[in-house]
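Notes follow once the structure below has been shown.
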Amino acid sequence: MSGGLKALLYILSFFIPIVGIILGIIWMNDHDLEKKAIGKNCLVIGIISIVLSCICWFALSALSIAPAFMSGY
């Protein structure tokens, strides 16, 4: 598999995590070692993307709620 296609799959896995998770699940069961490695990487990138988006969402929520608690109302 070419380097450009790998990069495209990794970028898609980061920005659309469900793509990475589906590719990871499908390709990790393949007999081709290269596809297995790419599938594992896509799965990990997809999971990391979801975790980072949750952390950012919670951080932004806390920042928007914090001024209300500090104002004494």
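Residues in the structure tokens are numbered from 1 in each chain, the chains being A, B, ... in the order shown, and ligands are numbered from 1 in the order shown.
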
Could you name the residues that touch A:Phe14 at 6 Å or less, counting only C-alpha atoms, but leaving out those on the same chain fewer than 2 positions away, as a ChimeraX atom specification?
/A:11-12,16-17,45-46,49

File dump, residues just selected, all heavy atoms, as a PDB file, in the first residue's frame:
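Ended up saving to part.pdb:
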```pdb
ATOM      1  N   ILE A  11      -5.515  10.157   8.293  1.00  0.00           N
ATOM      2  CA  ILE A  11      -6.195  11.451   8.424  1.00  0.00           C
ATOM      3  C   ILE A  11      -7.697  11.247   8.553  1.00  0.00           C
ATOM      4  O   ILE A  11      -8.346  11.878   9.398  1.00  0.00           O
ATOM      5  CB  ILE A  11      -5.831  12.361   7.231  1.00  0.00           C
ATOM      6  CG1 ILE A  11      -4.366  12.791   7.324  1.00  0.00           C
ATOM      7  CG2 ILE A  11      -6.745  13.581   7.180  1.00  0.00           C
ATOM      8  CD1 ILE A  11      -3.830  13.461   6.077  1.00  0.00           C
ATOM      9  N   LEU A  12      -8.251  10.371   7.734  1.00  0.00           N
ATOM     10  CA  LEU A  12      -9.682  10.063   7.847  1.00  0.00           C
ATOM     11  C   LEU A  12     -10.011   9.470   9.212  1.00  0.00           C
ATOM     12  O   LEU A  12     -11.040   9.788   9.800  1.00  0.00           O
ATOM     13  CB  LEU A  12     -10.108   9.090   6.745  1.00  0.00           C
ATOM     14  CG  LEU A  12     -10.365   9.665   5.372  1.00  0.00           C
ATOM     15  CD1 LEU A  12     -10.648   8.554   4.380  1.00  0.00           C
ATOM     16  CD2 LEU A  12     -11.519  10.646   5.403  1.00  0.00           C
ATOM     17  N   ILE A  16     -12.655  11.533  11.159  1.00  0.00           N
ATOM     18  CA  ILE A  16     -13.909  10.771  11.175  1.00  0.00           C
ATOM     19  C   ILE A  16     -13.602   9.452  11.888  1.00  0.00           C
ATOM     20  O   ILE A  16     -13.298   8.433  11.250  1.00  0.00           O
ATOM     21  CB  ILE A  16     -14.434  10.523   9.743  1.00  0.00           C
ATOM     22  CG1 ILE A  16     -14.521  11.833   8.969  1.00  0.00           C
ATOM     23  CG2 ILE A  16     -15.811   9.850   9.794  1.00  0.00           C
ATOM     24  CD1 ILE A  16     -14.818  11.653   7.496  1.00  0.00           C
ATOM     25  N   PRO A  17     -13.641   9.453  13.220  1.00  0.00           N
ATOM     26  CA  PRO A  17     -13.170   8.295  13.985  1.00  0.00           C
ATOM     27  C   PRO A  17     -13.889   6.987  13.665  1.00  0.00           C
ATOM     28  O   PRO A  17     -13.277   5.922  13.741  1.00  0.00           O
ATOM     29  CB  PRO A  17     -13.426   8.697  15.437  1.00  0.00           C
ATOM     30  CG  PRO A  17     -13.534  10.166  15.432  1.00  0.00           C
ATOM     31  CD  PRO A  17     -14.042  10.561  14.092  1.00  0.00           C
ATOM     32  N   ILE A  45      -5.810   5.431  16.229  1.00  0.00           N
ATOM     33  CA  ILE A  45      -6.009   6.845  15.902  1.00  0.00           C
ATOM     34  C   ILE A  45      -7.470   7.235  16.095  1.00  0.00           C
ATOM     35  O   ILE A  45      -7.769   8.307  16.627  1.00  0.00           O
ATOM     36  CB  ILE A  45      -5.526   7.150  14.469  1.00  0.00           C
ATOM     37  CG1 ILE A  45      -4.011   7.035  14.399  1.00  0.00           C
ATOM     38  CG2 ILE A  45      -5.989   8.534  14.013  1.00  0.00           C
ATOM     39  CD1 ILE A  45      -3.452   7.079  12.989  1.00  0.00           C
ATOM     40  N   GLY A  46      -8.398   6.366  15.694  1.00  0.00           N
ATOM     41  CA  GLY A  46      -9.815   6.645  15.881  1.00  0.00           C
ATOM     42  C   GLY A  46     -10.187   6.763  17.354  1.00  0.00           C
ATOM     43  O   GLY A  46     -10.925   7.670  17.758  1.00  0.00           O
ATOM     44  N   SER A  49      -8.725   9.952  18.805  1.00  0.00           N
ATOM     45  CA  SER A  49      -9.507  11.101  18.345  1.00  0.00           C
ATOM     46  C   SER A  49     -10.771  11.276  19.182  1.00  0.00           C
ATOM     47  O   SER A  49     -11.121  12.396  19.562  1.00  0.00           O
ATOM     48  CB  SER A  49      -9.855  10.930  16.874  1.00  0.00           C
ATOM     49  OG  SER A  49     -10.678  11.978  16.437  1.00  0.00           O
TER      50      SER A  49
END
```

Those of chain A in DSSP helix (DSSP H, G or I), formatted as a compact mmCIF listing (two decimals) with all heavy atoms, in the first residue's frame:
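As a result, result12.txt now contains:
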```
# COMPACT_ATOMS: atom_id res chain seq x y z
N GLY A 3 2.34 5.11 0.48
CA GLY A 3 2.41 6.00 1.62
C GLY A 3 1.31 7.04 1.64
O GLY A 3 0.80 7.41 2.70
N GLY A 4 0.91 7.50 0.45
CA GLY A 4 -0.15 8.49 0.36
C GLY A 4 -1.49 7.93 0.81
O GLY A 4 -2.27 8.61 1.48
N LEU A 5 -1.76 6.68 0.45
CA LEU A 5 -3.02 6.05 0.86
C LEU A 5 -3.05 5.81 2.37
O LEU A 5 -4.07 6.01 3.02
CB LEU A 5 -3.22 4.73 0.11
CG LEU A 5 -4.54 4.01 0.35
CD1 LEU A 5 -5.72 4.91 0.01
CD2 LEU A 5 -4.59 2.74 -0.46
N LYS A 6 -1.90 5.41 2.93
CA LYS A 6 -1.81 5.24 4.38
C LYS A 6 -2.09 6.56 5.09
O LYS A 6 -2.85 6.60 6.06
CB LYS A 6 -0.42 4.74 4.78
CG LYS A 6 -0.14 3.32 4.46
CD LYS A 6 1.26 2.98 4.95
CE LYS A 6 1.77 1.71 4.35
NZ LYS A 6 3.15 1.43 4.77
N ALA A 7 -1.47 7.63 4.60
CA ALA A 7 -1.67 8.95 5.21
C ALA A 7 -3.13 9.36 5.12
O ALA A 7 -3.69 9.89 6.09
CB ALA A 7 -0.78 9.98 4.53
N LEU A 8 -3.76 9.11 3.98
CA LEU A 8 -5.18 9.44 3.82
C LEU A 8 -6.04 8.67 4.81
O LEU A 8 -6.94 9.24 5.44
CB LEU A 8 -5.63 9.15 2.39
CG LEU A 8 -7.12 9.38 2.10
CD1 LEU A 8 -7.46 10.86 2.21
CD2 LEU A 8 -7.49 8.84 0.74
N LEU A 9 -5.76 7.39 4.98
CA LEU A 9 -6.53 6.58 5.93
C LEU A 9 -6.32 7.06 7.35
O LEU A 9 -7.26 7.10 8.16
CB LEU A 9 -6.15 5.11 5.79
CG LEU A 9 -6.57 4.42 4.51
CD1 LEU A 9 -6.01 3.01 4.44
CD2 LEU A 9 -8.09 4.41 4.38
N TYR A 10 -5.09 7.46 7.70
CA TYR A 10 -4.83 7.95 9.05
C TYR A 10 -5.52 9.29 9.29
O TYR A 10 -6.06 9.53 10.37
CB TYR A 10 -3.32 8.08 9.29
CG TYR A 10 -2.57 6.75 9.27
CD1 TYR A 10 -1.23 6.70 8.96
CD2 TYR A 10 -3.21 5.55 9.56
CE1 TYR A 10 -0.53 5.51 8.95
CE2 TYR A 10 -2.52 4.35 9.55
CZ TYR A 10 -1.19 4.33 9.25
OH TYR A 10 -0.51 3.14 9.24
N ILE A 11 -5.51 10.16 8.29
CA ILE A 11 -6.20 11.45 8.42
C ILE A 11 -7.70 11.25 8.55
O ILE A 11 -8.35 11.88 9.40
CB ILE A 11 -5.83 12.36 7.23
CG1 ILE A 11 -4.37 12.79 7.32
CG2 ILE A 11 -6.75 13.58 7.18
CD1 ILE A 11 -3.83 13.46 6.08
N LEU A 12 -8.25 10.37 7.73
CA LEU A 12 -9.68 10.06 7.85
C LEU A 12 -10.01 9.47 9.21
O LEU A 12 -11.04 9.79 9.80
CB LEU A 12 -10.11 9.09 6.74
CG LEU A 12 -10.37 9.66 5.37
CD1 LEU A 12 -10.65 8.55 4.38
CD2 LEU A 12 -11.52 10.65 5.40
N SER A 13 -9.14 8.62 9.72
CA SER A 13 -9.35 8.02 11.03
C SER A 13 -9.36 9.06 12.14
O SER A 13 -10.09 8.91 13.13
CB SER A 13 -8.28 6.98 11.33
OG SER A 13 -8.33 5.93 10.41
N PHE A 14 -8.58 10.10 11.98
CA PHE A 14 -8.54 11.14 13.01
C PHE A 14 -9.76 12.05 12.93
O PHE A 14 -10.38 12.35 13.95
CB PHE A 14 -7.26 11.97 12.89
CG PHE A 14 -7.11 12.98 13.98
CD1 PHE A 14 -6.71 12.59 15.24
CD2 PHE A 14 -7.41 14.32 13.77
CE1 PHE A 14 -6.59 13.51 16.27
CE2 PHE A 14 -7.29 15.24 14.77
CZ PHE A 14 -6.88 14.84 16.03
N PHE A 15 -10.11 12.49 11.74
CA PHE A 15 -11.20 13.45 11.61
C PHE A 15 -12.59 12.79 11.58
O PHE A 15 -13.58 13.43 11.91
CB PHE A 15 -11.01 14.32 10.37
CG PHE A 15 -9.89 15.31 10.54
CD1 PHE A 15 -8.72 15.18 9.83
CD2 PHE A 15 -10.01 16.36 11.43
CE1 PHE A 15 -7.69 16.10 9.99
CE2 PHE A 15 -8.99 17.27 11.61
CZ PHE A 15 -7.83 17.14 10.89
N PRO A 17 -13.64 9.45 13.22
CA PRO A 17 -13.17 8.30 13.98
C PRO A 17 -13.89 6.99 13.66
O PRO A 17 -13.28 5.92 13.74
CB PRO A 17 -13.43 8.70 15.44
CG PRO A 17 -13.53 10.17 15.43
CD PRO A 17 -14.04 10.56 14.09
N ILE A 18 -15.15 7.04 13.28
CA ILE A 18 -15.86 5.80 12.98
C ILE A 18 -15.23 5.07 11.79
O ILE A 18 -15.22 3.84 11.75
CB ILE A 18 -17.37 6.08 12.76
CG1 ILE A 18 -18.17 4.78 12.76
CG2 ILE A 18 -17.61 6.84 11.50
CD1 ILE A 18 -18.31 4.16 14.09
N VAL A 19 -14.65 5.83 10.86
CA VAL A 19 -13.95 5.21 9.72
C VAL A 19 -12.75 4.42 10.23
O VAL A 19 -12.53 3.27 9.81
CB VAL A 19 -13.51 6.28 8.70
CG1 VAL A 19 -12.60 5.69 7.63
CG2 VAL A 19 -14.72 6.94 8.07
N GLY A 20 -11.98 5.00 11.12
CA GLY A 20 -10.81 4.32 11.67
C GLY A 20 -11.18 3.09 12.47
O GLY A 20 -10.50 2.06 12.40
N ILE A 21 -12.25 3.19 13.22
CA ILE A 21 -12.67 2.04 14.03
C ILE A 21 -13.15 0.90 13.14
O ILE A 21 -12.78 -0.26 13.35
CB ILE A 21 -13.75 2.48 15.04
CG1 ILE A 21 -13.12 3.42 16.08
CG2 ILE A 21 -14.40 1.28 15.71
CD1 ILE A 21 -14.11 4.10 16.99
N ILE A 22 -13.94 1.22 12.13
CA ILE A 22 -14.43 0.17 11.22
C ILE A 22 -13.27 -0.45 10.44
O ILE A 22 -13.17 -1.68 10.33
CB ILE A 22 -15.51 0.74 10.29
CG1 ILE A 22 -16.78 1.05 11.09
CG2 ILE A 22 -15.82 -0.24 9.16
CD1 ILE A 22 -17.84 1.81 10.32
N LEU A 23 -12.39 0.39 9.89
CA LEU A 23 -11.23 -0.14 9.16
C LEU A 23 -10.36 -1.00 10.07
O LEU A 23 -9.86 -2.05 9.66
CB LEU A 23 -10.39 0.99 8.58
CG LEU A 23 -10.83 1.57 7.26
CD1 LEU A 23 -9.93 2.75 6.89
CD2 LEU A 23 -10.80 0.53 6.17
N GLY A 24 -10.17 -0.52 11.28
CA GLY A 24 -9.34 -1.28 12.23
C GLY A 24 -9.91 -2.64 12.53
O GLY A 24 -9.19 -3.64 12.53
N ILE A 25 -11.21 -2.70 12.77
CA ILE A 25 -11.84 -3.98 13.09
C ILE A 25 -11.76 -4.93 11.89
O ILE A 25 -11.47 -6.12 12.05
CB ILE A 25 -13.30 -3.76 13.54
CG1 ILE A 25 -13.32 -3.07 14.91
CG2 ILE A 25 -14.06 -5.07 13.59
CD1 ILE A 25 -14.69 -2.59 15.35
N ILE A 26 -12.03 -4.40 10.71
CA ILE A 26 -12.02 -5.26 9.52
C ILE A 26 -10.60 -5.72 9.16
O ILE A 26 -10.35 -6.90 8.93
CB ILE A 26 -12.67 -4.53 8.32
CG1 ILE A 26 -14.17 -4.34 8.59
CG2 ILE A 26 -12.45 -5.30 7.03
CD1 ILE A 26 -14.87 -3.46 7.57
N TRP A 27 -9.66 -4.78 9.14
CA TRP A 27 -8.31 -5.11 8.67
C TRP A 27 -7.45 -5.81 9.71
O TRP A 27 -6.46 -6.43 9.36
CB TRP A 27 -7.61 -3.86 8.15
CG TRP A 27 -8.09 -3.47 6.79
CD1 TRP A 27 -9.08 -4.04 6.06
CD2 TRP A 27 -7.59 -2.41 5.98
NE1 TRP A 27 -9.24 -3.41 4.87
CE2 TRP A 27 -8.33 -2.40 4.79
CE3 TRP A 27 -6.60 -1.46 6.15
CZ2 TRP A 27 -8.11 -1.48 3.78
CZ3 TRP A 27 -6.36 -0.55 5.15
CH2 TRP A 27 -7.12 -0.57 3.98
N LEU A 33 -0.01 -8.91 6.70
CA LEU A 33 0.58 -8.23 7.86
C LEU A 33 0.56 -6.72 7.72
O LEU A 33 0.40 -6.00 8.72
CB LEU A 33 2.02 -8.72 8.07
CG LEU A 33 2.16 -10.18 8.49
CD1 LEU A 33 3.63 -10.55 8.63
CD2 LEU A 33 1.42 -10.46 9.78
N GLU A 34 0.71 -6.21 6.50
CA GLU A 34 0.68 -4.77 6.30
C GLU A 34 -0.71 -4.21 6.59
O GLU A 34 -0.85 -3.18 7.26
CB GLU A 34 1.10 -4.41 4.87
CG GLU A 34 1.19 -2.91 4.64
CD GLU A 34 1.58 -2.57 3.21
OE1 GLU A 34 1.51 -3.45 2.33
OE2 GLU A 34 1.94 -1.40 3.00
N LYS A 35 -1.74 -4.90 6.13
CA LYS A 35 -3.11 -4.46 6.41
C LYS A 35 -3.42 -4.54 7.90
O LYS A 35 -4.13 -3.70 8.44
CB LYS A 35 -4.12 -5.30 5.62
CG LYS A 35 -4.36 -4.82 4.23
CD LYS A 35 -5.54 -5.56 3.63
CE LYS A 35 -5.86 -5.03 2.26
NZ LYS A 35 -7.00 -5.74 1.66
N LYS A 36 -2.90 -5.57 8.56
CA LYS A 36 -3.09 -5.69 10.01
C LYS A 36 -2.49 -4.49 10.74
O LYS A 36 -3.11 -3.92 11.63
CB LYS A 36 -2.43 -6.96 10.54
CG LYS A 36 -3.34 -8.13 10.63
CD LYS A 36 -2.64 -9.26 11.35
CE LYS A 36 -3.63 -10.36 11.51
NZ LYS A 36 -3.13 -11.49 12.22
N ALA A 37 -1.30 -4.10 10.35
CA ALA A 37 -0.62 -2.98 10.99
C ALA A 37 -1.38 -1.68 10.72
O ALA A 37 -1.57 -0.86 11.64
CB ALA A 37 0.82 -2.87 10.50
N ILE A 38 -1.82 -1.48 9.50
CA ILE A 38 -2.57 -0.27 9.15
C ILE A 38 -3.90 -0.26 9.89
O ILE A 38 -4.34 0.77 10.40
CB ILE A 38 -2.76 -0.16 7.63
CG1 ILE A 38 -1.41 0.05 6.95
CG2 ILE A 38 -3.72 0.97 7.28
CD1 ILE A 38 -1.46 -0.08 5.45
N GLY A 39 -4.56 -1.41 9.97
CA GLY A 39 -5.82 -1.51 10.70
C GLY A 39 -5.66 -1.18 12.17
O GLY A 39 -6.48 -0.47 12.75
N LYS A 40 -4.60 -1.68 12.77
CA LYS A 40 -4.33 -1.38 14.18
C LYS A 40 -4.09 0.10 14.37
O LYS A 40 -4.62 0.71 15.31
CB LYS A 40 -3.13 -2.19 14.66
CG LYS A 40 -2.79 -1.95 16.11
CD LYS A 40 -1.57 -2.76 16.52
CE LYS A 40 -1.18 -2.43 17.94
NZ LYS A 40 0.07 -3.09 18.33
N ASN A 41 -3.30 0.70 13.49
CA ASN A 41 -3.02 2.13 13.59
C ASN A 41 -4.28 2.96 13.42
O ASN A 41 -4.50 3.94 14.16
CB ASN A 41 -1.97 2.54 12.56
CG ASN A 41 -0.60 2.01 12.89
OD1 ASN A 41 -0.31 1.67 14.03
ND2 ASN A 41 0.24 1.91 11.89
N CYS A 42 -5.14 2.59 12.46
CA CYS A 42 -6.39 3.32 12.24
C CYS A 42 -7.29 3.21 13.46
O CYS A 42 -7.94 4.18 13.87
CB CYS A 42 -7.11 2.80 11.00
SG CYS A 42 -6.36 3.30 9.46
N LEU A 43 -7.35 2.03 14.06
CA LEU A 43 -8.17 1.83 15.25
C LEU A 43 -7.66 2.68 16.40
O LEU A 43 -8.44 3.37 17.08
CB LEU A 43 -8.17 0.35 15.64
CG LEU A 43 -9.02 -0.06 16.82
CD1 LEU A 43 -10.48 0.18 16.52
CD2 LEU A 43 -8.79 -1.51 17.17
N VAL A 44 -6.36 2.69 16.62
CA VAL A 44 -5.78 3.49 17.70
C VAL A 44 -6.00 4.98 17.45
O VAL A 44 -6.38 5.72 18.37
CB VAL A 44 -4.27 3.17 17.85
CG1 VAL A 44 -3.57 4.15 18.76
CG2 VAL A 44 -4.09 1.75 18.36
N ILE A 45 -5.81 5.43 16.23
CA ILE A 45 -6.01 6.85 15.90
C ILE A 45 -7.47 7.23 16.10
O ILE A 45 -7.77 8.31 16.63
CB ILE A 45 -5.53 7.15 14.47
CG1 ILE A 45 -4.01 7.04 14.40
CG2 ILE A 45 -5.99 8.53 14.01
CD1 ILE A 45 -3.45 7.08 12.99
N GLY A 46 -8.40 6.37 15.69
CA GLY A 46 -9.82 6.65 15.88
C GLY A 46 -10.19 6.76 17.35
O GLY A 46 -10.92 7.67 17.76
N ILE A 47 -9.66 5.87 18.17
CA ILE A 47 -9.95 5.91 19.61
C ILE A 47 -9.32 7.14 20.24
O ILE A 47 -9.95 7.82 21.06
CB ILE A 47 -9.47 4.61 20.28
CG1 ILE A 47 -10.34 3.44 19.81
CG2 ILE A 47 -9.49 4.73 21.80
CD1 ILE A 47 -9.83 2.07 20.22
N ILE A 48 -8.09 7.47 19.87
CA ILE A 48 -7.44 8.66 20.40
C ILE A 48 -8.21 9.91 20.01
O ILE A 48 -8.38 10.84 20.82
CB ILE A 48 -5.97 8.74 19.92
CG1 ILE A 48 -5.14 7.69 20.64
CG2 ILE A 48 -5.38 10.13 20.14
CD1 ILE A 48 -3.73 7.54 20.11
N SER A 49 -8.73 9.95 18.80
CA SER A 49 -9.51 11.10 18.35
C SER A 49 -10.77 11.28 19.18
O SER A 49 -11.12 12.40 19.56
CB SER A 49 -9.86 10.93 16.87
OG SER A 49 -10.68 11.98 16.44
N ILE A 50 -11.44 10.18 19.48
CA ILE A 50 -12.65 10.26 20.32
C ILE A 50 -12.31 10.73 21.72
O ILE A 50 -12.99 11.58 22.29
CB ILE A 50 -13.37 8.89 20.34
CG1 ILE A 50 -13.98 8.61 18.98
CG2 ILE A 50 -14.44 8.86 21.42
CD1 ILE A 50 -14.55 7.21 18.83
N VAL A 51 -11.24 10.19 22.29
CA VAL A 51 -10.83 10.59 23.64
C VAL A 51 -10.46 12.07 23.68
O VAL A 51 -10.87 12.80 24.59
CB VAL A 51 -9.66 9.71 24.14
CG1 VAL A 51 -9.05 10.25 25.42
CG2 VAL A 51 -10.14 8.28 24.35
N LEU A 52 -9.70 12.53 22.70
CA LEU A 52 -9.32 13.95 22.66
C LEU A 52 -10.53 14.86 22.50
O LEU A 52 -10.60 15.92 23.14
CB LEU A 52 -8.33 14.21 21.52
CG LEU A 52 -6.90 13.77 21.76
CD1 LEU A 52 -6.06 14.00 20.50
CD2 LEU A 52 -6.29 14.51 22.93
N SER A 53 -11.48 14.45 21.68
CA SER A 53 -12.67 15.30 21.51
C SER A 53 -13.49 15.34 22.79
O SER A 53 -14.05 16.39 23.13
CB SER A 53 -13.52 14.82 20.33
OG SER A 53 -14.03 13.54 20.57
N CYS A 54 -13.55 14.25 23.53
CA CYS A 54 -14.26 14.25 24.83
C CYS A 54 -13.55 15.15 25.83
O CYS A 54 -14.20 15.92 26.55
CB CYS A 54 -14.37 12.84 25.38
SG CYS A 54 -15.54 11.81 24.49
N ILE A 55 -12.23 15.07 25.88
CA ILE A 55 -11.47 15.91 26.80
C ILE A 55 -11.68 17.38 26.46
O ILE A 55 -11.90 18.21 27.35
CB ILE A 55 -9.97 15.54 26.77
CG1 ILE A 55 -9.76 14.17 27.42
CG2 ILE A 55 -9.12 16.59 27.46
CD1 ILE A 55 -8.37 13.61 27.24
N CYS A 56 -11.62 17.73 25.19
CA CYS A 56 -11.83 19.12 24.78
C CYS A 56 -13.24 19.58 25.09
O CYS A 56 -13.44 20.71 25.54
CB CYS A 56 -11.53 19.29 23.29
SG CYS A 56 -9.79 19.15 22.88
N TRP A 57 -14.21 18.71 24.87
CA TRP A 57 -15.61 19.08 25.15
C TRP A 57 -15.80 19.34 26.64
O TRP A 57 -16.43 20.33 27.02
CB TRP A 57 -16.54 17.97 24.67
CG TRP A 57 -17.97 18.34 24.80
CD1 TRP A 57 -18.69 19.10 23.95
CD2 TRP A 57 -18.84 17.99 25.87
NE1 TRP A 57 -19.97 19.24 24.41
CE2 TRP A 57 -20.10 18.57 25.59
CE3 TRP A 57 -18.69 17.25 27.03
CZ2 TRP A 57 -21.20 18.42 26.43
CZ3 TRP A 57 -19.78 17.10 27.88
CH2 TRP A 57 -21.01 17.68 27.58
N PHE A 58 -15.26 18.46 27.49
CA PHE A 58 -15.39 18.66 28.93
C PHE A 58 -14.65 19.91 29.39
O PHE A 58 -15.12 20.65 30.26
CB PHE A 58 -14.90 17.44 29.71
CG PHE A 58 -15.87 16.29 29.68
CD1 PHE A 58 -15.49 15.06 29.18
CD2 PHE A 58 -17.16 16.44 30.16
CE1 PHE A 58 -16.38 14.01 29.15
CE2 PHE A 58 -18.07 15.39 30.14
CZ PHE A 58 -17.67 14.17 29.63
N ALA A 59 -13.48 20.16 28.81
CA ALA A 59 -12.71 21.35 29.19
C ALA A 59 -13.45 22.62 28.80
O ALA A 59 -13.52 23.57 29.59
CB ALA A 59 -11.34 21.31 28.54
N LEU A 60 -14.01 22.65 27.61
CA LEU A 60 -14.76 23.84 27.19
C LEU A 60 -16.03 24.01 28.01
O LEU A 60 -16.43 25.13 28.32
CB LEU A 60 -15.08 23.76 25.70
CG LEU A 60 -13.91 23.97 24.76
CD1 LEU A 60 -14.33 23.74 23.32
CD2 LEU A 60 -13.34 25.36 24.92
N SER A 61 -16.67 22.90 28.37
CA SER A 61 -17.86 22.99 29.21
C SER A 61 -17.51 23.54 30.58
O SER A 61 -18.23 24.36 31.14
CB SER A 61 -18.51 21.62 29.36
OG SER A 61 -18.98 21.15 28.14
N ALA A 62 -16.40 23.08 31.13
CA ALA A 62 -15.97 23.56 32.45
C ALA A 62 -15.62 25.05 32.39
O ALA A 62 -15.91 25.80 33.33
CB ALA A 62 -14.78 22.75 32.94
N LEU A 63 -14.99 25.48 31.32
CA LEU A 63 -14.63 26.89 31.18
C LEU A 63 -15.85 27.78 31.03
O LEU A 63 -15.87 28.91 31.50
CB LEU A 63 -13.69 27.09 30.00
CG LEU A 63 -12.27 26.58 30.18
CD1 LEU A 63 -11.49 26.75 28.88
CD2 LEU A 63 -11.58 27.28 31.32
N SER A 64 -16.89 27.28 30.38
CA SER A 64 -18.08 28.11 30.20
C SER A 64 -18.94 28.13 31.46
O SER A 64 -19.69 29.08 31.68
CB SER A 64 -18.90 27.59 29.02
OG SER A 64 -19.42 26.31 29.29
N ILE A 65 -18.83 27.12 32.31
CA ILE A 65 -19.60 27.08 33.55
C ILE A 65 -18.85 27.78 34.68
O ILE A 65 -19.45 28.38 35.56
CB ILE A 65 -19.89 25.62 33.95
CG1 ILE A 65 -20.82 24.98 32.93
CG2 ILE A 65 -20.50 25.52 35.34
CD1 ILE A 65 -21.01 23.50 33.13
N ALA A 66 -17.54 27.78 34.65
CA ALA A 66 -16.72 28.33 35.74
C ALA A 66 -17.03 29.79 36.05
O ALA A 66 -17.14 30.15 37.23
CB ALA A 66 -15.25 28.15 35.43
N PRO A 67 -17.20 30.68 35.08
CA PRO A 67 -17.50 32.06 35.43
C PRO A 67 -18.82 32.23 36.20
O PRO A 67 -18.94 33.10 37.06
CB PRO A 67 -17.58 32.78 34.09
CG PRO A 67 -16.75 31.95 33.18
CD PRO A 67 -16.93 30.55 33.66
N ALA A 68 -19.79 31.39 35.95
CA ALA A 68 -21.06 31.45 36.68
C ALA A 68 -20.85 31.10 38.14
O ALA A 68 -21.48 31.70 39.03
CB ALA A 68 -22.08 30.52 36.05
N PHE A 69 -19.98 30.15 38.44
CA PHE A 69 -19.72 29.79 39.83
C PHE A 69 -18.88 30.84 40.54
O PHE A 69 -19.01 31.07 41.73
CB PHE A 69 -19.00 28.43 39.91
CG PHE A 69 -19.88 27.27 39.60
CD1 PHE A 69 -19.57 26.42 38.55
CD2 PHE A 69 -21.02 27.02 40.33
CE1 PHE A 69 -20.39 25.34 38.26
CE2 PHE A 69 -21.85 25.95 40.05
CZ PHE A 69 -21.53 25.10 39.00
N MET A 70 -18.00 31.49 39.82
CA MET A 70 -17.12 32.50 40.44
C MET A 70 -17.83 33.81 40.69
O MET A 70 -17.37 34.59 41.52
CB MET A 70 -15.90 32.71 39.54
CG MET A 70 -14.97 31.54 39.49
SD MET A 70 -13.58 31.94 38.43
CE MET A 70 -12.86 30.35 38.21
```
